[in-house]
Amino acid sequence: MKTPERTTAAAFPRYAAGEVLADSASLRWPGLYVRRYRFPRVVDRFLVPATPEPLISCGLAGSAEFRERDIGETWTTRQIGRGHIFVTRSKTPYEVRFSSRVGEELEIIQIHLAVDQFLAALETVYPGKADAVEVIDFFGRDEALAHLCFACAEMLSARAPGKSRRIVDLTQLLASYVVENYTDAALEKPDFRGGLPIRQLRKVEDYVSERLAEDISVKVLAELVELSPFHFSRVFKQSTGMTPLQFVTRERITHAQQFIRETSRNLIEIGLEVGYTSPSYFAKVFRRLTGATPTEFRSSL
């Protein structure tokens, strides 16, 4: 079946590469289209059509190296697992591909917000500006949104009927959360109480990604977003579920995995590239985060 450039949330599963384990359609959930998918270990490149409904994806189980790109553009590679969030309301189709290790096949929950629910939330938060507000694409950690997604998955497994008040409340909560946190209008609010704004979080992520081989201190990262180190550490953990230094370590090991997969470079060189001057310490940290040493990881590919 040829994938169209645009489709609707109702028809979206026809073009997904995974097996649908559960679908809210049969339960008649008003305002939400929720599906749980299981994907094969390797998913070759496929096209994801755009939808008018905002889309939230959240990892439930397993892990994968995930790649995405706009058609004809450069691939962006990320590691995804339980709790990783993806938010979009893309107006154009995009391509994805991913692969998992044996026994780590990925399961995700995908939630499309009905357009009327989304617009109602926009009108409540930004009266008279709903038509001018856009969803901002996001990939990363958001503990609060992940818990809402887990709640969706649990209610889907329990086959909660659409007439349930819990479904109505959850729909409104999800719509409000996306509007207040993942729109261009939300980016203009200098409010750090619930965590770093997305633009600030991306600024930190880009800085770390470009300087993996350098010493990266909390003080320097805090200065990027004009916060004290203490305040920055607190709101960063609210946003990502990790301390800044835990995030730096994860980024280093994630990039090391990518280098091992995609190149034949010496492991010592790779360690240096991502900031580890000691091969033994690099192997120790790599094993702690992945369950295997760099040598074992390469041998398993």
# chains A, B, ... in the order shown; residues from 1 in each chain; ligands from 1
>>> select_by_dssp(residues="segment 12-144 of chain A", states="strand (DSSP E)", output="PDB file with N, CA, C and O atoms, in the first residue's frame")
ATOM      1  N   GLU A  19       3.012  -3.812  14.601  1.00  0.00           N
ATOM      2  CA  GLU A  19       1.785  -4.561  14.864  1.00  0.00           C
ATOM      3  C   GLU A  19       0.966  -3.814  15.914  1.00  0.00           C
ATOM      4  O   GLU A  19       1.477  -3.443  16.972  1.00  0.00           O
ATOM      5  N   VAL A  20      -0.314  -3.572  15.622  1.00  0.00           N
ATOM      6  CA  VAL A  20      -1.189  -2.894  16.576  1.00  0.00           C
ATOM      7  C   VAL A  20      -1.663  -3.912  17.612  1.00  0.00           C
ATOM      8  O   VAL A  20      -2.375  -4.859  17.294  1.00  0.00           O
ATOM      9  N   LEU A  21      -1.246  -3.708  18.868  1.00  0.00           N
ATOM     10  CA  LEU A  21      -1.635  -4.612  19.947  1.00  0.00           C
ATOM     11  C   LEU A  21      -2.963  -4.214  20.580  1.00  0.00           C
ATOM     12  O   LEU A  21      -3.687  -5.067  21.093  1.00  0.00           O
ATOM     13  N   ALA A  22      -3.256  -2.926  20.566  1.00  0.00           N
ATOM     14  CA  ALA A  22      -4.510  -2.429  21.146  1.00  0.00           C
ATOM     15  C   ALA A  22      -4.837  -1.089  20.501  1.00  0.00           C
ATOM     16  O   ALA A  22      -3.934  -0.321  20.156  1.00  0.00           O
ATOM     17  N   ASP A  23      -6.134  -0.818  20.347  1.00  0.00           N
ATOM     18  CA  ASP A  23      -6.572   0.397  19.660  1.00  0.00           C
ATOM     19  C   ASP A  23      -7.813   0.934  20.364  1.00  0.00           C
ATOM     20  O   ASP A  23      -8.757   0.186  20.633  1.00  0.00           O
ATOM     21  N   LEU A  32      -9.548  11.170  21.541  1.00  0.00           N
ATOM     22  CA  LEU A  32      -8.234  10.531  21.530  1.00  0.00           C
ATOM     23  C   LEU A  32      -8.226   9.340  20.586  1.00  0.00           C
ATOM     24  O   LEU A  32      -9.195   8.581  20.524  1.00  0.00           O
ATOM     25  N   TYR A  33      -7.120   9.196  19.873  1.00  0.00           N
ATOM     26  CA  TYR A  33      -6.863   7.994  19.077  1.00  0.00           C
ATOM     27  C   TYR A  33      -5.586   7.380  19.654  1.00  0.00           C
ATOM     28  O   TYR A  33      -4.487   7.926  19.464  1.00  0.00           O
ATOM     29  N   VAL A  34      -5.722   6.296  20.376  1.00  0.00           N
ATOM     30  CA  VAL A  34      -4.597   5.724  21.112  1.00  0.00           C
ATOM     31  C   VAL A  34      -4.333   4.306  20.612  1.00  0.00           C
ATOM     32  O   VAL A  34      -5.242   3.477  20.545  1.00  0.00           O
ATOM     33  N   ARG A  35      -3.081   4.038  20.247  1.00  0.00           N
ATOM     34  CA  ARG A  35      -2.691   2.695  19.791  1.00  0.00           C
ATOM     35  C   ARG A  35      -1.400   2.272  20.473  1.00  0.00           C
ATOM     36  O   ARG A  35      -0.491   3.089  20.661  1.00  0.00           O
ATOM     37  N   ARG A  36      -1.356   0.995  20.794  1.00  0.00           N
ATOM     38  CA  ARG A  36      -0.122   0.397  21.286  1.00  0.00           C
ATOM     39  C   ARG A  36       0.451  -0.467  20.175  1.00  0.00           C
ATOM     40  O   ARG A  36      -0.255  -1.317  19.624  1.00  0.00           O
ATOM     41  N   TYR A  37       1.719  -0.232  19.839  1.00  0.00           N
ATOM     42  CA  TYR A  37       2.377  -0.942  18.749  1.00  0.00           C
ATOM     43  C   TYR A  37       3.548  -1.766  19.269  1.00  0.00           C
ATOM     44  O   TYR A  37       4.227  -1.373  20.216  1.00  0.00           O
ATOM     45  N   ARG A  38       3.791  -2.886  18.605  1.00  0.00           N
ATOM     46  CA  ARG A  38       5.033  -3.628  18.776  1.00  0.00           C
ATOM     47  C   ARG A  38       5.715  -3.684  17.417  1.00  0.00           C
ATOM     48  O   ARG A  38       5.083  -4.009  16.406  1.00  0.00           O
ATOM     49  N   VAL A  42      14.103  -5.023  13.311  1.00  0.00           N
ATOM     50  CA  VAL A  42      14.647  -4.103  12.318  1.00  0.00           C
ATOM     51  C   VAL A  42      13.495  -3.576  11.466  1.00  0.00           C
ATOM     52  O   VAL A  42      12.723  -4.361  10.912  1.00  0.00           O
ATOM     53  N   VAL A  43      13.382  -2.269  11.396  1.00  0.00           N
ATOM     54  CA  VAL A  43      12.366  -1.628  10.559  1.00  0.00           C
ATOM     55  C   VAL A  43      13.088  -0.782   9.532  1.00  0.00           C
ATOM     56  O   VAL A  43      13.759   0.196   9.880  1.00  0.00           O
ATOM     57  N   ASP A  44      12.988  -1.165   8.273  1.00  0.00           N
ATOM     58  CA  ASP A  44      13.648  -0.413   7.217  1.00  0.00           C
ATOM     59  C   ASP A  44      12.912   0.905   7.002  1.00  0.00           C
ATOM     60  O   ASP A  44      11.813   1.120   7.514  1.00  0.00           O
ATOM     61  N   ARG A  45      13.512   1.751   6.232  1.00  0.00           N
ATOM     62  CA  ARG A  45      12.969   3.089   6.003  1.00  0.00           C
ATOM     63  C   ARG A  45      11.505   3.045   5.558  1.00  0.00           C
ATOM     64  O   ARG A  45      11.141   2.310   4.657  1.00  0.00           O
ATOM     65  N   PHE A  46      10.672   3.836   6.233  1.00  0.00           N
ATOM     66  CA  PHE A  46       9.287   3.960   5.790  1.00  0.00           C
ATOM     67  C   PHE A  46       8.803   5.383   6.024  1.00  0.00           C
ATOM     68  O   PHE A  46       9.373   6.129   6.823  1.00  0.00           O
ATOM     69  N   LEU A  47       7.757   5.749   5.314  1.00  0.00           N
ATOM     70  CA  LEU A  47       7.240   7.112   5.331  1.00  0.00           C
ATOM     71  C   LEU A  47       6.123   7.235   6.360  1.00  0.00           C
ATOM     72  O   LEU A  47       5.205   6.409   6.402  1.00  0.00           O
ATOM     73  N   VAL A  48       6.214   8.266   7.191  1.00  0.00           N
ATOM     74  CA  VAL A  48       5.167   8.558   8.169  1.00  0.00           C
ATOM     75  C   VAL A  48       4.356   9.733   7.638  1.00  0.00           C
ATOM     76  O   VAL A  48       4.882  10.837   7.478  1.00  0.00           O
ATOM     77  N   LEU A  55       0.460  14.558  17.466  1.00  0.00           N
ATOM     78  CA  LEU A  55       0.842  13.182  17.785  1.00  0.00           C
ATOM     79  C   LEU A  55       1.845  13.164  18.933  1.00  0.00           C
ATOM     80  O   LEU A  55       2.835  13.899  18.925  1.00  0.00           O
ATOM     81  N   ILE A  56       1.573  12.305  19.918  1.00  0.00           N
ATOM     82  CA  ILE A  56       2.498  12.048  21.015  1.00  0.00           C
ATOM     83  C   ILE A  56       2.866  10.569  20.958  1.00  0.00           C
ATOM     84  O   ILE A  56       1.984   9.710  20.911  1.00  0.00           O
ATOM     85  N   SER A  57       4.156  10.262  20.947  1.00  0.00           N
ATOM     86  CA  SER A  57       4.623   8.881  21.021  1.00  0.00           C
ATOM     87  C   SER A  57       5.457   8.722  22.277  1.00  0.00           C
ATOM     88  O   SER A  57       6.212   9.623  22.644  1.00  0.00           O
ATOM     89  N   CYS A  58       5.339   7.565  22.915  1.00  0.00           N
ATOM     90  CA  CYS A  58       6.103   7.312  24.141  1.00  0.00           C
ATOM     91  C   CYS A  58       6.537   5.856  24.171  1.00  0.00           C
ATOM     92  O   CYS A  58       5.729   4.954  23.921  1.00  0.00           O
ATOM     93  N   GLY A  59       7.819   5.619  24.465  1.00  0.00           N
ATOM     94  CA  GLY A  59       8.324   4.264  24.586  1.00  0.00           C
ATOM     95  C   GLY A  59       7.763   3.579  25.820  1.00  0.00           C
ATOM     96  O   GLY A  59       7.732   4.155  26.910  1.00  0.00           O
ATOM     97  N   LEU A  60       7.305   2.334  25.648  1.00  0.00           N
ATOM     98  CA  LEU A  60       6.761   1.553  26.762  1.00  0.00           C
ATOM     99  C   LEU A  60       7.695   0.431  27.187  1.00  0.00           C
ATOM    100  O   LEU A  60       7.798   0.090  28.366  1.00  0.00           O
ATOM    101  N   ALA A  61       8.365  -0.172  26.216  1.00  0.00           N
ATOM    102  CA  ALA A  61       9.248  -1.297  26.506  1.00  0.00           C
ATOM    103  C   ALA A  61      10.246  -1.449  25.375  1.00  0.00           C
ATOM    104  O   ALA A  61      10.013  -0.979  24.258  1.00  0.00           O
ATOM    105  N   SER A  63      14.032  -1.135  23.388  1.00  0.00           N
ATOM    106  CA  SER A  63      14.862   0.019  23.028  1.00  0.00           C
ATOM    107  C   SER A  63      15.246  -0.108  21.562  1.00  0.00           C
ATOM    108  O   SER A  63      15.136  -1.189  20.977  1.00  0.00           O
ATOM    109  N   ALA A  64      15.689   0.984  20.982  1.00  0.00           N
ATOM    110  CA  ALA A  64      16.060   0.965  19.564  1.00  0.00           C
ATOM    111  C   ALA A  64      16.925   2.161  19.235  1.00  0.00           C
ATOM    112  O   ALA A  64      16.871   3.199  19.908  1.00  0.00           O
ATOM    113  N   GLU A  65      17.727   1.996  18.203  1.00  0.00           N
ATOM    114  CA  GLU A  65      18.391   3.129  17.576  1.00  0.00           C
ATOM    115  C   GLU A  65      17.418   3.652  16.525  1.00  0.00           C
ATOM    116  O   GLU A  65      17.076   2.943  15.580  1.00  0.00           O
ATOM    117  N   PHE A  66      16.985   4.869  16.719  1.00  0.00           N
ATOM    118  CA  PHE A  66      15.908   5.451  15.925  1.00  0.00           C
ATOM    119  C   PHE A  66      16.470   6.559  15.040  1.00  0.00           C
ATOM    120  O   PHE A  66      17.214   7.417  15.509  1.00  0.00           O
ATOM    121  N   ARG A  67      16.126   6.519  13.761  1.00  0.00           N
ATOM    122  CA  ARG A  67      16.572   7.562  12.836  1.00  0.00           C
ATOM    123  C   ARG A  67      15.355   8.185  12.157  1.00  0.00           C
ATOM    124  O   ARG A  67      14.414   7.481  11.803  1.00  0.00           O
ATOM    125  N   GLU A  68      15.415   9.488  11.989  1.00  0.00           N
ATOM    126  CA  GLU A  68      14.337  10.182  11.291  1.00  0.00           C
ATOM    127  C   GLU A  68      14.918  11.300  10.436  1.00  0.00           C
ATOM    128  O   GLU A  68      16.014  11.805  10.701  1.00  0.00           O
ATOM    129  N   ARG A  69      14.176  11.689   9.420  1.00  0.00           N
ATOM    130  CA  ARG A  69      14.597  12.810   8.587  1.00  0.00           C
ATOM    131  C   ARG A  69      13.416  13.288   7.762  1.00  0.00           C
ATOM    132  O   ARG A  69      12.489  12.523   7.451  1.00  0.00           O
ATOM    133  N   ASP A  70      13.436  14.571   7.417  1.00  0.00           N
ATOM    134  CA  ASP A  70      12.532  15.059   6.384  1.00  0.00           C
ATOM    135  C   ASP A  70      13.012  14.466   5.062  1.00  0.00           C
ATOM    136  O   ASP A  70      14.208  14.179   4.891  1.00  0.00           O
ATOM    137  N   THR A  76      18.767  12.028  11.397  1.00  0.00           N
ATOM    138  CA  THR A  76      19.071  12.317  12.793  1.00  0.00           C
ATOM    139  C   THR A  76      18.925  11.018  13.569  1.00  0.00           C
ATOM    140  O   THR A  76      17.903  10.331  13.454  1.00  0.00           O
ATOM    141  N   THR A  77      19.944  10.666  14.349  1.00  0.00           N
ATOM    142  CA  THR A  77      19.946   9.391  15.080  1.00  0.00           C
ATOM    143  C   THR A  77      19.761   9.632  16.567  1.00  0.00           C
ATOM    144  O   THR A  77      20.400  10.508  17.150  1.00  0.00           O
ATOM    145  N   ARG A  78      18.887   8.846  17.178  1.00  0.00           N
ATOM    146  CA  ARG A  78      18.648   8.930  18.616  1.00  0.00           C
ATOM    147  C   ARG A  78      18.467   7.524  19.180  1.00  0.00           C
ATOM    148  O   ARG A  78      18.072   6.614  18.474  1.00  0.00           O
ATOM    149  N   GLN A  79      18.725   7.381  20.448  1.00  0.00           N
ATOM    150  CA  GLN A  79      18.435   6.136  21.155  1.00  0.00           C
ATOM    151  C   GLN A  79      17.102   6.318  21.882  1.00  0.00           C
ATOM    152  O   GLN A  79      16.921   7.304  22.593  1.00  0.00           O
ATOM    153  N   ILE A  80      16.189   5.388  21.701  1.00  0.00           N
ATOM    154  CA  ILE A  80      14.895   5.510  22.368  1.00  0.00           C
ATOM    155  C   ILE A  80      14.621   4.270  23.209  1.00  0.00           C
ATOM    156  O   ILE A  80      15.074   3.171  22.911  1.00  0.00           O
ATOM    157  N   GLY A  81      13.887   4.486  24.280  1.00  0.00           N
ATOM    158  CA  GLY A  81      13.515   3.400  25.176  1.00  0.00           C
ATOM    159  C   GLY A  81      12.303   3.819  25.985  1.00  0.00           C
ATOM    160  O   GLY A  81      11.606   4.786  25.648  1.00  0.00           O
ATOM    161  N   HIS A  84      10.867   7.679  26.631  1.00  0.00           N
ATOM    162  CA  HIS A  84      11.243   8.705  25.662  1.00  0.00           C
ATOM    163  C   HIS A  84       9.990   9.205  24.936  1.00  0.00           C
ATOM    164  O   HIS A  84       9.136   8.416  24.531  1.00  0.00           O
ATOM    165  N   ILE A  85       9.930  10.511  24.775  1.00  0.00           N
ATOM    166  CA  ILE A  85       8.748  11.176  24.231  1.00  0.00           C
ATOM    167  C   ILE A  85       9.062  11.814  22.878  1.00  0.00           C
ATOM    168  O   ILE A  85      10.138  12.370  22.677  1.00  0.00           O
ATOM    169  N   PHE A  86       8.091  11.722  21.969  1.00  0.00           N
ATOM    170  CA  PHE A  86       8.175  12.424  20.695  1.00  0.00           C
ATOM    171  C   PHE A  86       6.852  13.141  20.493  1.00  0.00           C
ATOM    172  O   PHE A  86       5.785  12.531  20.600  1.00  0.00           O
ATOM    173  N   VAL A  87       6.904  14.449  20.234  1.00  0.00           N
ATOM    174  CA  VAL A  87       5.704  15.255  20.007  1.00  0.00           C
ATOM    175  C   VAL A  87       5.839  15.945  18.658  1.00  0.00           C
ATOM    176  O   VAL A  87       6.899  16.507  18.341  1.00  0.00           O
ATOM    177  N   THR A  88       4.789  15.924  17.850  1.00  0.00           N
ATOM    178  CA  THR A  88       4.831  16.600  16.552  1.00  0.00           C
ATOM    179  C   THR A  88       3.415  16.902  16.072  1.00  0.00           C
ATOM    180  O   THR A  88       2.443  16.282  16.511  1.00  0.00           O
ATOM    181  N   TYR A  94       7.500  12.455   6.905  1.00  0.00           N
ATOM    182  CA  TYR A  94       8.909  12.294   7.239  1.00  0.00           C
ATOM    183  C   TYR A  94       9.239  10.800   7.257  1.00  0.00           C
ATOM    184  O   TYR A  94       8.353   9.946   7.384  1.00  0.00           O
ATOM    185  N   GLU A  95      10.527  10.502   7.110  1.00  0.00           N
ATOM    186  CA  GLU A  95      10.963   9.114   7.043  1.00  0.00           C
ATOM    187  C   GLU A  95      11.576   8.679   8.365  1.00  0.00           C
ATOM    188  O   GLU A  95      12.243   9.467   9.034  1.00  0.00           O
ATOM    189  N   VAL A  96      11.350   7.419   8.738  1.00  0.00           N
ATOM    190  CA  VAL A  96      11.972   6.861   9.935  1.00  0.00           C
ATOM    191  C   VAL A  96      12.492   5.461   9.628  1.00  0.00           C
ATOM    192  O   VAL A  96      12.040   4.795   8.692  1.00  0.00           O
ATOM    193  N   ARG A  97      13.432   5.037  10.438  1.00  0.00           N
ATOM    194  CA  ARG A  97      13.942   3.663  10.404  1.00  0.00           C
ATOM    195  C   ARG A  97      14.549   3.386  11.767  1.00  0.00           C
ATOM    196  O   ARG A  97      15.020   4.306  12.444  1.00  0.00           O
ATOM    197  N   PHE A  98      14.530   2.145  12.199  1.00  0.00           N
ATOM    198  CA  PHE A  98      15.174   1.851  13.469  1.00  0.00           C
ATOM    199  C   PHE A  98      15.491   0.366  13.596  1.00  0.00           C
ATOM    200  O   PHE A  98      14.994  -0.477  12.838  1.00  0.00           O
ATOM    201  N   SER A  99      16.347   0.078  14.564  1.00  0.00           N
ATOM    202  CA  SER A  99      16.747  -1.303  14.815  1.00  0.00           C
ATOM    203  C   SER A  99      16.934  -1.511  16.307  1.00  0.00           C
ATOM    204  O   SER A  99      17.356  -0.608  17.027  1.00  0.00           O
ATOM    205  N   GLU A 107       8.231  -1.410  21.954  1.00  0.00           N
ATOM    206  CA  GLU A 107       6.792  -1.200  22.063  1.00  0.00           C
ATOM    207  C   GLU A 107       6.562   0.264  22.424  1.00  0.00           C
ATOM    208  O   GLU A 107       7.235   0.810  23.293  1.00  0.00           O
ATOM    209  N   ILE A 108       5.614   0.880  21.744  1.00  0.00           N
ATOM    210  CA  ILE A 108       5.314   2.286  22.001  1.00  0.00           C
ATOM    211  C   ILE A 108       3.811   2.498  22.087  1.00  0.00           C
ATOM    212  O   ILE A 108       3.019   1.690  21.599  1.00  0.00           O
ATOM    213  N   ILE A 109       3.442   3.595  22.733  1.00  0.00           N
ATOM    214  CA  ILE A 109       2.058   4.057  22.720  1.00  0.00           C
ATOM    215  C   ILE A 109       2.033   5.329  21.887  1.00  0.00           C
ATOM    216  O   ILE A 109       2.894   6.196  22.037  1.00  0.00           O
ATOM    217  N   GLN A 110       1.091   5.403  20.951  1.00  0.00           N
ATOM    218  CA  GLN A 110       0.923   6.609  20.136  1.00  0.00           C
ATOM    219  C   GLN A 110      -0.444   7.206  20.412  1.00  0.00           C
ATOM    220  O   GLN A 110      -1.455   6.497  20.412  1.00  0.00           O
ATOM    221  N   ILE A 111      -0.453   8.512  20.638  1.00  0.00           N
ATOM    222  CA  ILE A 111      -1.682   9.217  20.985  1.00  0.00           C
ATOM    223  C   ILE A 111      -1.866  10.388  20.029  1.00  0.00           C
ATOM    224  O   ILE A 111      -1.017  11.282  19.962  1.00  0.00           O
ATOM    225  N   HIS A 112      -2.940  10.361  19.276  1.00  0.00           N
ATOM    226  CA  HIS A 112      -3.327  11.513  18.466  1.00  0.00           C
ATOM    227  C   HIS A 112      -4.431  12.265  19.209  1.00  0.00           C
ATOM    228  O   HIS A 112      -5.419  11.663  19.650  1.00  0.00           O
ATOM    229  N   LEU A 113      -4.258  13.581  19.341  1.00  0.00           N
ATOM    230  CA  LEU A 113      -5.289  14.428  19.941  1.00  0.00           C
ATOM    231  C   LEU A 113      -6.233  14.910  18.845  1.00  0.00           C
ATOM    232  O   LEU A 113      -5.784  15.484  17.851  1.00  0.00           O
ATOM    233  N   PHE A 138       9.310  17.899  19.373  1.00  0.00           N
ATOM    234  CA  PHE A 138      10.143  17.615  20.541  1.00  0.00           C
ATOM    235  C   PHE A 138      10.487  16.145  20.587  1.00  0.00           C
ATOM    236  O   PHE A 138       9.652  15.280  20.315  1.00  0.00           O
ATOM    237  N   PHE A 139      11.736  15.861  20.958  1.00  0.00           N
ATOM    238  CA  PHE A 139      12.139  14.498  21.289  1.00  0.00           C
ATOM    239  C   PHE A 139      12.990  14.572  22.545  1.00  0.00           C
ATOM    240  O   PHE A 139      13.907  15.393  22.644  1.00  0.00           O
ATOM    241  N   GLY A 140      12.697  13.723  23.515  1.00  0.00           N
ATOM    242  CA  GLY A 140      13.496  13.713  24.741  1.00  0.00           C
ATOM    243  C   GLY A 140      12.705  13.145  25.895  1.00  0.00           C
ATOM    244  O   GLY A 140      11.830  12.290  25.722  1.00  0.00           O
ATOM    245  N   ARG A 141      13.042  13.618  27.080  1.00  0.00           N
ATOM    246  CA  ARG A 141      12.413  13.151  28.314  1.00  0.00           C
ATOM    247  C   ARG A 141      11.474  14.216  28.851  1.00  0.00           C
ATOM    248  O   ARG A 141      11.820  15.396  28.908  1.00  0.00           O
TER     249      ARG A 141
END
>>> residues_around(residues="Phe236 of chain A", least_positions_apart="6", cutoff="9 Å", atoms="only C-alpha atoms", output="ChimeraX atom specification")
/A:195-196,201,242-244
>>> closest_residue(among="A:Ala121, A:Ile260, A:Leu170, A:Ala130", to="Leu145 of chain A", atoms="only C-alpha atoms")
A:Leu170
>>> residues_around(residues="Arg298 of chain A", least_positions_apart="2", cutoff="12 Å", atoms="only C-alpha atoms", output="ChimeraX atom specification")
/A:256-267,286,290,292-296,300-301
>>> residues_around(residues="segment 124-126 of chain A", least_positions_apart="2", cutoff="9 Å", atoms="only C-alpha atoms", output="PyMOL selection string")
chain A and resi 119-122+128-130+133+176+179-180+185
>>> closest_residue(among="A:Thr254, A:Asn181, A:Thr51, A:Ser24", to="Ala158 of chain A", atoms="only C-alpha atoms")
A:Ser24
>>> closest_residue(among="A:Ala160, A:Ala114, A:Ala17, A:Ile198", to="Thr240 of chain A", atoms="only C-alpha atoms")
A:Ile198
>>> residues_around(residues="Glu205 of chain A", least_positions_apart="3", cutoff="9 Å", atoms="only C-alpha atoms", output="list in words")
Gln200, Leu201, Arg202, Val208, Ser209, Glu210, Phe247, Val248 and Glu251 of chain A
>>> write_last_selection(atoms="all heavy atoms", output="PDB file, in the first residue's frame")
ATOM      1  N   GLN A 200      15.363  26.248  25.662  1.00  0.00           N
ATOM      2  CA  GLN A 200      16.539  26.223  26.520  1.00  0.00           C
ATOM      3  C   GLN A 200      17.114  24.817  26.614  1.00  0.00           C
ATOM      4  O   GLN A 200      18.335  24.626  26.618  1.00  0.00           O
ATOM      5  CB  GLN A 200      16.174  26.733  27.925  1.00  0.00           C
ATOM      6  CG  GLN A 200      15.595  28.146  27.952  1.00  0.00           C
ATOM      7  CD  GLN A 200      16.651  29.209  27.698  1.00  0.00           C
ATOM      8  OE1 GLN A 200      17.550  29.024  26.890  1.00  0.00           O
ATOM      9  NE2 GLN A 200      16.545  30.328  28.392  1.00  0.00           N
ATOM     10  N   LEU A 201      16.222  23.840  26.681  1.00  0.00           N
ATOM     11  CA  LEU A 201      16.675  22.447  26.740  1.00  0.00           C
ATOM     12  C   LEU A 201      17.437  22.078  25.467  1.00  0.00           C
ATOM     13  O   LEU A 201      18.489  21.437  25.513  1.00  0.00           O
ATOM     14  CB  LEU A 201      15.470  21.521  26.929  1.00  0.00           C
ATOM     15  CG  LEU A 201      15.763  20.049  27.199  1.00  0.00           C
ATOM     16  CD1 LEU A 201      16.606  19.876  28.449  1.00  0.00           C
ATOM     17  CD2 LEU A 201      14.449  19.276  27.330  1.00  0.00           C
ATOM     18  N   ARG A 202      16.927  22.500  24.329  1.00  0.00           N
ATOM     19  CA  ARG A 202      17.610  22.210  23.072  1.00  0.00           C
ATOM     20  C   ARG A 202      18.954  22.922  22.986  1.00  0.00           C
ATOM     21  O   ARG A 202      19.917  22.402  22.411  1.00  0.00           O
ATOM     22  CB  ARG A 202      16.714  22.618  21.892  1.00  0.00           C
ATOM     23  CG  ARG A 202      15.571  21.641  21.661  1.00  0.00           C
ATOM     24  CD  ARG A 202      14.722  22.040  20.493  1.00  0.00           C
ATOM     25  NE  ARG A 202      13.754  21.006  20.172  1.00  0.00           N
ATOM     26  CZ  ARG A 202      12.747  21.158  19.332  1.00  0.00           C
ATOM     27  NH1 ARG A 202      12.579  22.320  18.722  1.00  0.00           N
ATOM     28  NH2 ARG A 202      11.909  20.182  19.085  1.00  0.00           N
ATOM     29  N   VAL A 208      26.087  20.282  24.329  1.00  0.00           N
ATOM     30  CA  VAL A 208      26.718  19.031  24.769  1.00  0.00           C
ATOM     31  C   VAL A 208      27.113  18.177  23.568  1.00  0.00           C
ATOM     32  O   VAL A 208      28.228  17.650  23.501  1.00  0.00           O
ATOM     33  CB  VAL A 208      25.773  18.251  25.706  1.00  0.00           C
ATOM     34  CG1 VAL A 208      26.320  16.847  25.987  1.00  0.00           C
ATOM     35  CG2 VAL A 208      25.565  19.011  27.012  1.00  0.00           C
ATOM     36  N   SER A 209      26.212  18.049  22.607  1.00  0.00           N
ATOM     37  CA  SER A 209      26.468  17.214  21.438  1.00  0.00           C
ATOM     38  C   SER A 209      27.683  17.681  20.651  1.00  0.00           C
ATOM     39  O   SER A 209      28.425  16.860  20.093  1.00  0.00           O
ATOM     40  CB  SER A 209      25.233  17.195  20.532  1.00  0.00           C
ATOM     41  OG  SER A 209      25.432  16.384  19.408  1.00  0.00           O
ATOM     42  N   GLU A 210      27.913  18.985  20.622  1.00  0.00           N
ATOM     43  CA  GLU A 210      29.013  19.545  19.838  1.00  0.00           C
ATOM     44  C   GLU A 210      30.351  19.543  20.581  1.00  0.00           C
ATOM     45  O   GLU A 210      31.401  19.805  19.984  1.00  0.00           O
ATOM     46  CB  GLU A 210      28.674  20.984  19.438  1.00  0.00           C
ATOM     47  CG  GLU A 210      27.500  21.075  18.464  1.00  0.00           C
ATOM     48  CD  GLU A 210      26.996  22.499  18.300  1.00  0.00           C
ATOM     49  OE1 GLU A 210      27.599  23.411  18.927  1.00  0.00           O
ATOM     50  OE2 GLU A 210      26.010  22.702  17.568  1.00  0.00           O
ATOM     51  N   PHE A 247      23.059  13.325  32.081  1.00  0.00           N
ATOM     52  CA  PHE A 247      22.712  13.562  30.683  1.00  0.00           C
ATOM     53  C   PHE A 247      23.958  13.581  29.810  1.00  0.00           C
ATOM     54  O   PHE A 247      23.981  12.992  28.728  1.00  0.00           O
ATOM     55  CB  PHE A 247      21.957  14.887  30.551  1.00  0.00           C
ATOM     56  CG  PHE A 247      21.701  15.306  29.135  1.00  0.00           C
ATOM     57  CD1 PHE A 247      20.686  14.707  28.405  1.00  0.00           C
ATOM     58  CD2 PHE A 247      22.491  16.269  28.517  1.00  0.00           C
ATOM     59  CE1 PHE A 247      20.449  15.066  27.081  1.00  0.00           C
ATOM     60  CE2 PHE A 247      22.264  16.637  27.198  1.00  0.00           C
ATOM     61  CZ  PHE A 247      21.245  16.037  26.483  1.00  0.00           C
ATOM     62  N   VAL A 248      25.006  14.265  30.261  1.00  0.00           N
ATOM     63  CA  VAL A 248      26.253  14.316  29.493  1.00  0.00           C
ATOM     64  C   VAL A 248      26.810  12.907  29.297  1.00  0.00           C
ATOM     65  O   VAL A 248      27.228  12.541  28.191  1.00  0.00           O
ATOM     66  CB  VAL A 248      27.291  15.218  30.197  1.00  0.00           C
ATOM     67  CG1 VAL A 248      28.655  15.094  29.521  1.00  0.00           C
ATOM     68  CG2 VAL A 248      26.832  16.670  30.183  1.00  0.00           C
ATOM     69  N   GLU A 251      24.745  11.045  26.710  1.00  0.00           N
ATOM     70  CA  GLU A 251      25.022  11.517  25.354  1.00  0.00           C
ATOM     71  C   GLU A 251      26.358  10.976  24.851  1.00  0.00           C
ATOM     72  O   GLU A 251      26.489  10.591  23.680  1.00  0.00           O
ATOM     73  CB  GLU A 251      25.027  13.049  25.319  1.00  0.00           C
ATOM     74  CG  GLU A 251      23.649  13.669  25.443  1.00  0.00           C
ATOM     75  CD  GLU A 251      22.745  13.268  24.298  1.00  0.00           C
ATOM     76  OE1 GLU A 251      22.981  13.720  23.163  1.00  0.00           O
ATOM     77  OE2 GLU A 251      21.806  12.482  24.540  1.00  0.00           O
TER      78      GLU A 251
END
>>> closest_residue(among="A:Leu27, A:Ile253, A:Ala50, A:Ala151", to="Phe12 of chain A", atoms="only C-alpha atoms")
A:Ala50
